[in-house]
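Below is model_10.cif, holding mmCIF, C-alpha atoms and all ligand atoms.
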```cif
data_run
loop_
_atom_site.label_atom_id
_atom_site.label_comp_id
_atom_site.auth_asym_id
_atom_site.auth_seq_id
_atom_site.Cartn_x
_atom_site.Cartn_y
_atom_site.Cartn_z
CA MET A 258 5.78 26.07 5.73
CA ASN A 259 3.56 23.12 6.63
CA ILE A 260 5.28 19.94 5.50
CA ALA A 261 3.86 16.40 5.29
CA LEU A 262 6.34 13.53 5.39
CA PHE A 263 5.42 10.44 3.38
CA GLY A 264 7.78 7.87 4.89
CA TYR A 265 9.00 8.37 8.44
CA GLY A 266 12.02 6.09 8.39
CA LYS A 267 15.74 6.97 8.38
CA MET A 268 15.31 9.83 5.91
CA GLY A 269 11.91 11.04 7.14
CA LYS A 270 13.33 11.49 10.65
CA MET A 271 16.43 13.34 9.39
CA ILE A 272 14.26 15.62 7.22
CA GLU A 273 12.03 16.38 10.22
CA LYS A 274 15.06 17.58 12.25
CA ILE A 275 16.34 19.83 9.46
CA ALA A 276 12.88 21.18 8.58
CA ILE A 277 12.20 22.15 12.20
CA LYS A 278 15.60 23.91 12.41
CA ARG A 279 14.57 25.90 9.33
CA ASN A 280 11.32 26.93 11.08
CA HIS A 281 8.94 24.62 9.22
CA ILE A 282 6.12 22.65 10.81
CA ILE A 283 5.66 18.92 10.25
CA VAL A 284 1.88 18.54 9.99
CA ALA A 285 1.78 14.84 9.05
CA LYS A 286 4.02 11.77 9.25
CA ILE A 287 2.64 9.07 7.02
CA ASP A 288 4.09 5.57 7.10
CA LEU A 289 1.36 3.48 5.45
CA ASP A 290 -1.29 3.88 2.74
CA ALA A 291 -3.13 6.48 4.81
CA THR A 292 -6.60 7.57 3.67
CA ASP A 293 -7.39 10.23 6.28
CA ILE A 294 -4.84 12.88 5.29
CA ASN A 295 -5.95 16.52 5.64
CA PHE A 296 -4.41 17.86 2.42
CA SER A 297 -5.80 21.38 2.98
CA ASP A 298 -3.27 21.79 5.80
CA ILE A 299 -0.20 20.87 3.69
CA ASP A 300 1.96 23.38 1.77
CA VAL A 301 4.34 20.74 0.44
CA ALA A 302 4.87 16.98 0.79
CA ILE A 303 8.19 15.13 0.93
CA ASP A 304 8.20 11.43 0.04
CA PHE A 305 11.05 9.16 1.17
CA SER A 306 9.11 5.92 1.43
CA MET A 307 9.48 2.64 -0.44
CA PRO A 308 9.72 1.65 -4.10
CA ASN A 309 6.20 0.14 -4.10
CA ALA A 310 4.66 3.13 -2.27
CA ALA A 311 6.20 6.21 -3.92
CA PHE A 312 4.00 6.48 -7.00
CA GLY A 313 0.78 6.14 -4.95
CA ASN A 314 1.95 8.91 -2.61
CA ILE A 315 2.92 11.18 -5.51
CA LYS A 316 -0.43 10.55 -7.24
CA ASN A 317 -2.37 11.27 -4.04
CA CYS A 318 -0.55 14.60 -3.53
CA LEU A 319 -0.86 15.74 -7.14
CA GLU A 320 -4.59 14.91 -7.18
CA HIS A 321 -5.01 17.07 -4.05
CA ASN A 322 -2.98 19.98 -5.49
CA VAL A 323 -0.11 19.54 -3.05
CA PRO A 324 3.42 20.05 -4.46
CA ILE A 325 5.48 16.90 -3.95
CA ILE A 326 9.20 16.21 -3.64
CA SER A 327 10.17 12.54 -3.99
CA GLY A 328 13.54 11.02 -3.16
CA THR A 329 12.34 7.42 -3.10
CA THR A 330 14.31 5.26 -5.53
CA GLY A 331 13.37 2.06 -7.35
CA TRP A 332 9.97 3.19 -8.76
CA LEU A 333 11.09 4.83 -12.03
CA GLN A 334 9.02 2.53 -14.24
CA ASP A 335 6.14 4.87 -13.23
CA TYR A 336 8.05 8.18 -13.57
CA GLN A 337 6.42 9.12 -16.90
CA LYS A 338 2.96 8.50 -15.41
CA ALA A 339 3.86 10.89 -12.56
CA VAL A 340 4.93 13.53 -15.11
CA GLU A 341 1.60 13.17 -16.97
CA LEU A 342 -0.38 13.39 -13.73
CA CYS A 343 1.51 16.51 -12.73
CA LYS A 344 0.73 18.17 -16.07
CA LYS A 345 -2.92 17.08 -15.99
CA ASN A 346 -3.40 18.54 -12.48
CA ASN A 347 -1.27 21.63 -13.14
CA GLY A 348 0.77 20.53 -10.15
CA ALA A 349 4.38 20.69 -9.01
CA PHE A 350 6.73 17.73 -8.71
CA ILE A 351 10.43 16.98 -8.29
CA TYR A 352 12.05 13.56 -8.27
CA ALA A 353 15.78 13.34 -7.60
CA SER A 354 17.76 10.14 -7.16
CA ASN A 355 19.98 12.17 -4.85
CA PHE A 356 19.19 15.52 -3.20
CA SER A 357 22.65 16.32 -1.82
CA LEU A 358 24.50 19.33 -3.23
CA GLY A 359 27.71 17.26 -3.38
CA VAL A 360 26.18 14.52 -5.51
CA ASN A 361 24.54 17.05 -7.82
CA LEU A 362 27.96 18.64 -8.38
CA PHE A 363 29.33 15.11 -8.87
CA PHE A 364 26.65 14.52 -11.57
CA GLU A 365 27.99 17.58 -13.44
CA LEU A 366 31.58 16.33 -13.09
CA ASN A 367 30.51 12.89 -14.33
CA SER A 368 28.87 14.37 -17.45
CA TYR A 369 31.92 16.53 -18.15
CA LEU A 370 34.28 13.55 -17.82
CA ALA A 371 32.01 11.45 -20.05
CA LYS A 372 32.15 14.17 -22.73
CA LEU A 373 35.97 14.05 -22.60
CA MET A 374 35.92 10.24 -22.78
CA ALA A 375 33.52 10.13 -25.76
CA SER A 376 36.45 10.25 -28.19
CA GLN A 377 38.85 8.08 -26.09
CA ASP A 378 38.09 4.50 -27.13
CA GLN A 379 40.99 3.05 -25.13
CA TYR A 380 39.05 3.62 -21.87
CA SER A 381 36.11 1.54 -20.68
CA VAL A 382 33.79 2.75 -17.94
CA ALA A 383 32.44 0.92 -14.85
CA MET A 384 30.51 2.05 -11.77
CA GLU A 385 30.30 0.89 -8.19
CA GLU A 386 27.80 1.86 -5.52
CA ILE A 387 27.96 0.90 -1.84
CA HIS A 388 25.01 1.27 0.55
CA HIS A 389 23.77 0.02 3.92
CA THR A 390 22.26 -3.47 4.11
CA GLN A 391 18.62 -2.29 4.50
CA LYS A 392 18.54 -0.81 1.00
CA LEU A 393 15.76 -2.43 -1.06
CA ASP A 394 16.79 -1.48 -4.59
CA ALA A 395 19.92 -2.13 -6.67
CA PRO A 396 21.56 -0.47 -8.39
CA SER A 397 20.97 2.76 -6.48
CA GLY A 398 19.02 5.58 -8.09
CA THR A 399 22.18 7.68 -7.98
CA ALA A 400 24.15 5.03 -9.92
CA ILE A 401 21.39 4.96 -12.54
CA THR A 402 21.56 8.77 -12.89
CA LEU A 403 25.36 8.55 -13.22
CA ALA A 404 25.00 5.87 -15.91
CA GLU A 405 22.46 8.06 -17.74
CA GLY A 406 25.00 10.91 -17.62
CA VAL A 407 27.54 8.68 -19.39
CA ILE A 408 24.98 7.34 -21.89
CA ASP A 409 23.86 10.89 -22.80
CA ASN A 410 27.44 11.94 -23.62
CA THR A 411 29.07 8.84 -25.16
CA ASP A 412 28.09 5.92 -27.39
CA TYR A 413 27.35 3.69 -24.38
CA ALA A 414 23.77 2.54 -24.91
CA ASN A 415 22.70 1.01 -21.61
CA TRP A 416 23.72 0.01 -18.09
CA LYS A 417 23.58 -3.43 -16.49
CA LEU A 418 23.94 -4.75 -12.95
CA ASP A 419 27.19 -6.77 -12.57
CA SER A 420 28.39 -8.06 -15.93
CA ALA A 421 27.81 -6.06 -19.08
CA GLY A 422 28.04 -6.59 -22.81
CA ASP A 423 29.36 -4.36 -25.56
CA ARG A 424 28.47 -0.66 -25.07
CA GLU A 425 26.85 -1.45 -21.71
CA ILE A 426 28.01 0.13 -18.45
CA PRO A 427 28.57 -2.47 -15.71
CA ILE A 428 27.33 -1.37 -12.27
CA THR A 429 28.41 -3.24 -9.15
CA ALA A 430 26.16 -2.85 -6.08
CA LYS A 431 27.69 -3.67 -2.67
CA ARG A 432 25.84 -3.72 0.64
CA ILE A 433 27.89 -2.95 3.78
CA ALA A 434 26.39 -2.11 7.19
CA ASP A 435 25.97 1.59 8.06
CA THR A 436 27.16 2.94 4.70
CA PRO A 437 25.09 6.03 3.76
CA GLY A 438 26.11 5.97 0.07
CA THR A 439 29.36 5.80 -1.92
CA HIS A 440 29.52 6.07 -5.71
CA THR A 441 32.58 5.57 -7.94
CA VAL A 442 32.86 6.02 -11.69
CA SER A 443 36.03 4.45 -13.15
CA TYR A 444 37.62 4.56 -16.56
CA GLU A 445 40.22 1.86 -17.26
CA SER A 446 42.74 1.63 -20.07
CA GLU A 447 45.66 -0.77 -20.53
CA VAL A 448 48.03 1.79 -19.04
CA ASP A 449 46.09 3.67 -16.36
CA SER A 450 42.86 4.29 -14.46
CA ILE A 451 40.87 7.44 -13.79
CA GLU A 452 38.31 7.45 -10.96
CA ILE A 453 35.87 9.97 -9.58
CA LYS A 454 34.18 9.17 -6.27
CA HIS A 455 31.54 10.67 -3.97
CA THR A 456 31.27 9.49 -0.38
CA ALA A 457 28.36 10.56 1.82
CA HIS A 458 29.47 10.71 5.48
CA ASN A 459 25.87 10.71 6.75
CA ARG A 460 22.29 11.43 5.53
CA GLU A 461 22.25 15.16 6.35
CA GLY A 462 23.19 16.29 2.84
CA PHE A 463 20.31 14.31 1.29
CA ALA A 464 17.83 15.65 3.86
CA LEU A 465 18.94 19.29 3.60
CA GLY A 466 18.68 19.13 -0.21
CA ALA A 467 15.14 17.76 0.03
CA VAL A 468 14.04 20.56 2.39
CA ILE A 469 15.66 23.18 0.12
CA ALA A 470 13.79 21.64 -2.86
CA ALA A 471 10.53 21.78 -0.87
CA GLU A 472 11.08 25.46 -0.03
CA TRP A 473 11.88 26.18 -3.70
CA ILE A 474 8.84 24.45 -5.25
CA VAL A 475 6.06 26.08 -3.27
CA ARG A 476 3.90 28.32 -5.52
CA LYS A 477 5.50 26.90 -8.70
CA THR A 478 3.89 24.58 -11.24
CA GLY A 479 5.72 22.05 -13.39
CA VAL A 480 8.02 19.06 -13.31
CA PHE A 481 11.47 20.05 -12.09
CA THR A 482 14.84 18.52 -11.21
CA MET A 483 17.59 19.40 -8.72
CA LYS A 484 19.38 21.17 -11.58
CA ASP A 485 16.54 23.71 -11.53
CA VAL A 486 16.62 24.02 -7.74
CA LEU A 487 20.40 24.46 -7.54
CA ASN A 488 20.60 26.51 -10.74
CA LEU A 489 23.25 24.17 -12.21
CA SER A 490 24.17 24.57 -15.91
N1 LIG A 501 17.04 10.82 -3.19
C1 LIG A 501 17.85 10.84 -2.13
O1 LIG A 501 18.61 11.79 -1.90
C2 LIG A 501 17.79 9.69 -1.17
C3 LIG A 501 16.91 8.68 -1.41
N2 LIG A 501 16.74 7.68 -0.51
C4 LIG A 501 15.66 6.75 -0.79
O2 LIG A 501 14.56 7.09 0.04
C5 LIG A 501 13.80 5.93 0.37
C6 LIG A 501 13.65 5.83 1.90
O3 LIG A 501 14.92 5.64 2.48
P1 LIG A 501 15.07 5.41 4.05
O4 LIG A 501 14.43 6.49 4.82
O5 LIG A 501 16.51 5.11 4.25
O6 LIG A 501 14.23 4.05 4.22
P2 LIG A 501 13.49 3.51 5.52
O7 LIG A 501 13.19 2.07 5.25
O8 LIG A 501 14.26 3.87 6.73
O9 LIG A 501 12.11 4.33 5.55
C7 LIG A 501 11.05 4.11 4.66
C8 LIG A 501 9.77 4.42 5.38
O10 LIG A 501 8.67 4.36 4.48
C9 LIG A 501 7.60 3.80 5.17
N3 LIG A 501 6.52 3.34 4.29
C10 LIG A 501 6.21 2.08 3.88
N4 LIG A 501 5.11 2.11 3.09
C11 LIG A 501 4.71 3.41 3.00
C12 LIG A 501 3.65 4.09 2.35
N5 LIG A 501 2.73 3.43 1.60
N6 LIG A 501 3.56 5.44 2.46
C13 LIG A 501 4.47 6.12 3.20
N7 LIG A 501 5.48 5.52 3.86
C14 LIG A 501 5.62 4.19 3.75
C15 LIG A 501 8.21 2.72 6.01
O11 LIG A 501 7.33 2.36 7.07
P3 LIG A 501 7.41 0.86 7.70
O12 LIG A 501 8.80 0.74 8.24
O13 LIG A 501 6.34 0.91 8.73
O14 LIG A 501 7.15 -0.08 6.56
C16 LIG A 501 9.47 3.43 6.51
O15 LIG A 501 9.22 4.16 7.70
C17 LIG A 501 14.53 4.77 -0.30
O16 LIG A 501 13.93 4.52 -1.54
C18 LIG A 501 15.95 5.31 -0.52
O17 LIG A 501 16.59 4.70 -1.59
C19 LIG A 501 17.46 7.62 0.65
C20 LIG A 501 18.38 8.59 0.92
C21 LIG A 501 18.63 9.71 0.02
O1 LIG A 502 18.88 4.11 0.04
C1 LIG A 502 19.70 5.00 0.36
O2 LIG A 502 20.15 5.10 1.50
C2 LIG A 502 20.08 5.97 -0.67
N1 LIG A 502 19.43 5.97 -1.79
C3 LIG A 502 19.62 6.85 -2.87
C4 LIG A 502 19.99 6.08 -4.12
O3 LIG A 502 19.42 5.01 -4.35
O4 LIG A 502 20.83 6.55 -4.88
C5 LIG A 502 20.51 8.01 -2.55
C6 LIG A 502 21.60 7.75 -1.57
O5 LIG A 502 22.67 7.16 -2.22
C7 LIG A 502 21.15 6.95 -0.36
#
```

Can you dump the structure from the file as C-alpha cells?
Amino acid sequence: MNIALFGYGKMGKMIEKIAIKRNHIIVAKIDLDATDINFSDIDVAIDFSMPNAAFGNIKNCLEHNVPIISGTTGWLQDYQKAVELCKKNNGAFIYASNFSLGVNLFFELNSYLAKLMASQDQYSVAMEEIHHTQKLDAPSGTAITLAEGVIDNTDYANWKLDSAGDREIPITAKRIADTPGTHTVSYESEVDSIEIKHTAHNREGFALGAVIAAEWIVRKTGVFTMKDVLNLS
C-alpha cells in the first residue's frame, strides 16, 4: 500500500518504521501545509500532526478521494465538519483518540465499569492523564474519550479540567518528561477506592494500531472508529 504521512514527528517516524516492516511504501512525508502533493499516488493517508493542522489535512485528503486515518488530538471542535465532508465526498475517514489495542480494550472496560457504577451513588469518579512535556493539548484525547464513556453510561453530564462541579468528571493532566501516555480512572467512596489504569510503555502500540486501521479502511467508504476496525462489541 502507498501511504502518505501527514506529520513526520514522533508518531510519523514510528508509523513509518512499522509500515515498512509490513511491506508498505511511504510515498510522502508532509510536515507543513504542503500544496504540491501527488494524491493520485496515495492509497491511504495517516495524519499525526498538530491540533491546528489536522482538519486541513483531513479536508485535503477527502477532497482528493484519499482515505484518511487521523490520530491527532485537540481538533475535535471540527470533527462534525469532517464527518460531513466525508459523506459529501463519499470518502473514508477514521479518527481515534488512541489507536492502541490496549487502550481500546481499556475503553470497553471503562464503559463496563461505568455501567456498574451508574446505580452506586456512594462513588464519585475522577480521571488522571500523564504525558510527555511536548504535548500541546490537555486533557488528552484519550481522557476525553474515557470521560465520554462514563457520561454515556451514568448521569455524569460533562467533564472538566482540574476542579469540577456537580455531575462533572474532574480530569487532572500532568506533564512529565518522556511519558508516552498513562490514563487512570478512579472511583472513590468513603470506605474504598477502585482504579483502572492503562500505561503505554512506548509509542509502538499507537503506531501499529494506526497502520492496521489504514490497511482496514482501503476500498471502504464511510466514517468509522477503532471499534469497527478491531471488531469490538
Ligand atoms: N491517537 C493516537 O493513538 C495518538 C495520538 N497522538 C497525537 O498525534 C499528534 C502528533 O503527535 P506527535 O507525533 O507526538 O507530535 P510531534 O510534535 O512529534 O509531531 C507533529 C508533527 O506535525 C508536523 N506538522 C506541523 N504542522 C503540520 C501540517 N500543517 N501538516 C502536517 N504536519 C504538520 C510537525 O512539524 P514541525 O515540527 O515542523 O512543526 C511535527 O513534525 C498529537 O496531536 C498527539 O496528541 C500521539 C500519539 C498517539
Ligand atoms: O500526545 C500524545 O503523545 C498522545 N496523545 C493521545 C491523546 O491525546 O490521548 C494518545 C496517547 O495518549 C499519546

* Give the answer as one residue: which of A:Phe305, A:Phe263, A:Phe481, A:Tyr444 has the shortest atom-to-atom distance to ligand LIG 502 (chain A), using only C-alpha atoms and all ligand atoms? =>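 Counting only C-alpha atoms and all ligand atoms, the residue closest to ligand LIG 502 (chain A) is A:Phe305.
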
Kindly provide the residues of chain A that approach ligand LIG 501 (chain A) to within 6 Å, each paired with its closest atom pair and their distance in Å to one decimal, based on only C-alpha atoms and all ligand atoms, listed by chain and increasing number, as CSV.
```
residue,atom,partner,partner_atom,distance
A:Phe263,CA,A:LIG501,C13,4.4
A:Gly264,CA,A:LIG501,N7,3.4
A:Tyr265,CA,A:LIG501,O15,4.3
A:Gly266,CA,A:LIG501,O9,3.3
A:Lys267,CA,A:LIG501,O8,3.8
A:Met268,CA,A:LIG501,O4,3.6
A:Gly269,CA,A:LIG501,O4,5.7
A:Ile287,CA,A:LIG501,C13,5.2
A:Asp288,CA,A:LIG501,N7,3.5
A:Leu289,CA,A:LIG501,C12,3.9
A:Asp290,CA,A:LIG501,N5,4.2
A:Phe305,CA,A:LIG501,O2,4.2
A:Ser306,CA,A:LIG501,O10,3.5
A:Met307,CA,A:LIG501,O16,5.0
A:Pro308,CA,A:LIG501,O16,5.7
A:Ala310,CA,A:LIG501,N5,4.3
A:Gly328,CA,A:LIG501,N1,3.5
A:Thr329,CA,A:LIG501,O16,3.7
A:Thr330,CA,A:LIG501,O16,4.1
A:Ala353,CA,A:LIG501,N1,5.2
A:Ser354,CA,A:LIG501,N1,4.1
A:Asn355,CA,A:LIG501,O1,3.3
A:Phe356,CA,A:LIG501,O1,4.0
A:Phe463,CA,A:LIG501,O1,4.4
```

* Please write out the residues within 9 Å of ligand LIG 502 (chain A) as a PyMOL selection string, counting all atoms listed in the file. => chain A and resi 267-268+328-331+353-357+360+386-389+391-402+436-440+457+460+463

* Excluding A:Ser446 and residues on its chain fewer than 5 positions from it, collect all residues at most 8 Å away from it, counting only C-alpha atoms, and give them as a ChimeraX atom specification. => /A:379-381

* Asked: Excluding same-chain residues fewer than 3 positions from A:Ser297, what lies within 9 Å of it counting only C-alpha atoms, as a ChimeraX atom specification?
  -> /A:294,300,321,323

Take the residues from that selection and write them out as a PDB file, in the frame of the given file, keeping C-alpha atoms.
```pdb
ATOM      1  CA  ILE A 294      -4.840  12.880   5.290  1.00  0.00           C
ATOM      2  CA  ASP A 300       1.960  23.380   1.770  1.00  0.00           C
ATOM      3  CA  HIS A 321      -5.010  17.070  -4.050  1.00  0.00           C
ATOM      4  CA  VAL A 323      -0.110  19.540  -3.050  1.00  0.00           C
TER       5      VAL A 323
END
```

* Hey, which of A:Val340, A:Ala467, A:Val284, A:Leu403 ends up closest to A:Met384? Count only C-alpha atoms. ->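 Smallest distance to A:Met384 is found for A:Leu403.
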
* To do: Measure the distance from atom CA of A:Val480 to atom CA of A:Gly462 in Å and round it to one decimal.
  =>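 Taking atom CA of A:Val480 as the start and atom CA of A:Gly462 as the end point, the length is 22.3 Å.
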
* Test item: which residues lie within 8 Å of (-3.0, 16.8, -9.0) counting all atoms listed in the file, as a PyMOL selection string -> chain A and resi 316-323+342-343+345-348

* To do: Counting all atoms listed in the file, write as a list in words all protein and nucleic acid residues lying at most 12 Å from (27.1, 5.6, -23.9) in the file's frame.
  =>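 The residues near that point, listed by chain and number, are Ser368, Ala371, Lys372, Met374, Ala375, Ser376, Asp378, Ser381, Val382, Ala383, Leu403, Ala404, Glu405, Gly406, Val407, Ile408, Asp409, Asn410, Thr411, Asp412, Tyr413, Ala414, Asn415, Trp416, Asp423, Arg424, Glu425, Ile426 and Pro427 of chain A.
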
* Structure fact -> Using only C-alpha atoms, the shortest atom-to-atom distance to A:Asp298 among A:Pro324, A:Asn314, A:Lys286, A:Ala261 belongs to A:Ala261

Kindly add N, CA and C atoms to the incomplete stretch 423-449 of chain A and provide the output as a tab-separated table (two decimals), in the frame of the given file.
```tsv
chain	number	residue	atom	x	y	z
A	423	ASP	N	28.78	-5.45	-24.78
A	423	ASP	CA	29.36	-4.36	-25.56
A	423	ASP	C	28.49	-3.10	-25.41
A	424	ARG	N	29.13	-1.97	-25.20
A	424	ARG	CA	28.47	-0.66	-25.07
A	424	ARG	C	27.46	-0.63	-23.92
A	425	GLU	N	27.67	-1.49	-22.93
A	425	GLU	CA	26.85	-1.45	-21.71
A	425	GLU	C	27.75	-1.09	-20.53
A	426	ILE	N	27.23	-0.28	-19.62
A	426	ILE	CA	28.01	0.13	-18.45
A	426	ILE	C	27.75	-0.86	-17.31
A	427	PRO	N	28.80	-1.57	-16.84
A	427	PRO	CA	28.57	-2.47	-15.71
A	427	PRO	C	28.48	-1.70	-14.39
A	428	ILE	N	27.46	-2.00	-13.60
A	428	ILE	CA	27.33	-1.37	-12.27
A	428	ILE	C	27.41	-2.48	-11.22
A	429	THR	N	28.32	-2.31	-10.26
A	429	THR	CA	28.41	-3.24	-9.15
A	429	THR	C	27.74	-2.61	-7.94
A	430	ALA	N	26.85	-3.36	-7.28
A	430	ALA	CA	26.16	-2.85	-6.08
A	430	ALA	C	26.63	-3.66	-4.87
A	431	LYS	N	27.25	-2.98	-3.89
A	431	LYS	CA	27.69	-3.67	-2.67
A	431	LYS	C	26.86	-3.21	-1.50
A	432	ARG	N	26.61	-4.08	-0.55
A	432	ARG	CA	25.84	-3.72	0.64
A	432	ARG	C	26.70	-3.96	1.88
A	433	ILE	N	27.03	-2.87	2.59
A	433	ILE	CA	27.89	-2.95	3.78
A	433	ILE	C	27.19	-2.16	4.90
A	434	ALA	N	27.12	-2.73	6.08
A	434	ALA	CA	26.39	-2.11	7.19
A	434	ALA	C	26.78	-0.64	7.38
A	435	ASP	N	25.77	0.18	7.67
A	435	ASP	CA	25.97	1.59	8.06
A	435	ASP	C	26.63	2.48	6.99
A	436	THR	N	26.56	2.10	5.76
A	436	THR	CA	27.16	2.94	4.70
A	436	THR	C	26.08	3.82	4.09
A	437	PRO	N	26.16	5.15	4.26
A	437	PRO	CA	25.09	6.03	3.76
A	437	PRO	C	25.02	6.09	2.24
A	438	GLY	N	26.15	5.94	1.54
A	438	GLY	CA	26.11	5.97	0.07
A	438	GLY	C	27.44	6.41	-0.51
A	439	THR	N	28.08	5.50	-1.27
A	439	THR	CA	29.36	5.80	-1.92
A	439	THR	C	29.24	5.41	-3.39
A	440	HIS	N	29.62	6.33	-4.26
A	440	HIS	CA	29.52	6.07	-5.71
A	440	HIS	C	30.85	6.36	-6.39
A	441	THR	N	31.31	5.41	-7.21
A	441	THR	CA	32.58	5.57	-7.94
A	441	THR	C	32.34	5.32	-9.43
A	442	VAL	N	32.89	6.21	-10.23
A	442	VAL	CA	32.86	6.02	-11.69
A	442	VAL	C	34.32	5.86	-12.12
A	443	SER	N	34.64	4.72	-12.78
A	443	SER	CA	36.03	4.45	-13.15
A	443	SER	C	36.17	4.27	-14.66
A	444	TYR	N	37.24	4.79	-15.16
A	444	TYR	CA	37.62	4.56	-16.56
A	444	TYR	C	38.96	3.84	-16.56
A	445	GLU	N	39.02	2.71	-17.24
A	445	GLU	CA	40.22	1.86	-17.26
A	445	GLU	C	40.77	1.78	-18.67
A	446	SER	N	42.08	1.96	-18.80
A	446	SER	CA	42.74	1.63	-20.07
A	446	SER	C	43.83	0.60	-19.76
A	447	GLU	N	44.56	0.19	-20.75
A	447	GLU	CA	45.66	-0.77	-20.53
A	447	GLU	C	46.74	-0.18	-19.64
A	448	VAL	N	46.88	1.16	-19.70
A	448	VAL	CA	48.03	1.79	-19.04
A	448	VAL	C	47.69	2.57	-17.76
A	449	ASP	N	46.41	2.90	-17.57
A	449	ASP	CA	46.09	3.67	-16.36
A	449	ASP	C	44.60	3.60	-16.02
```
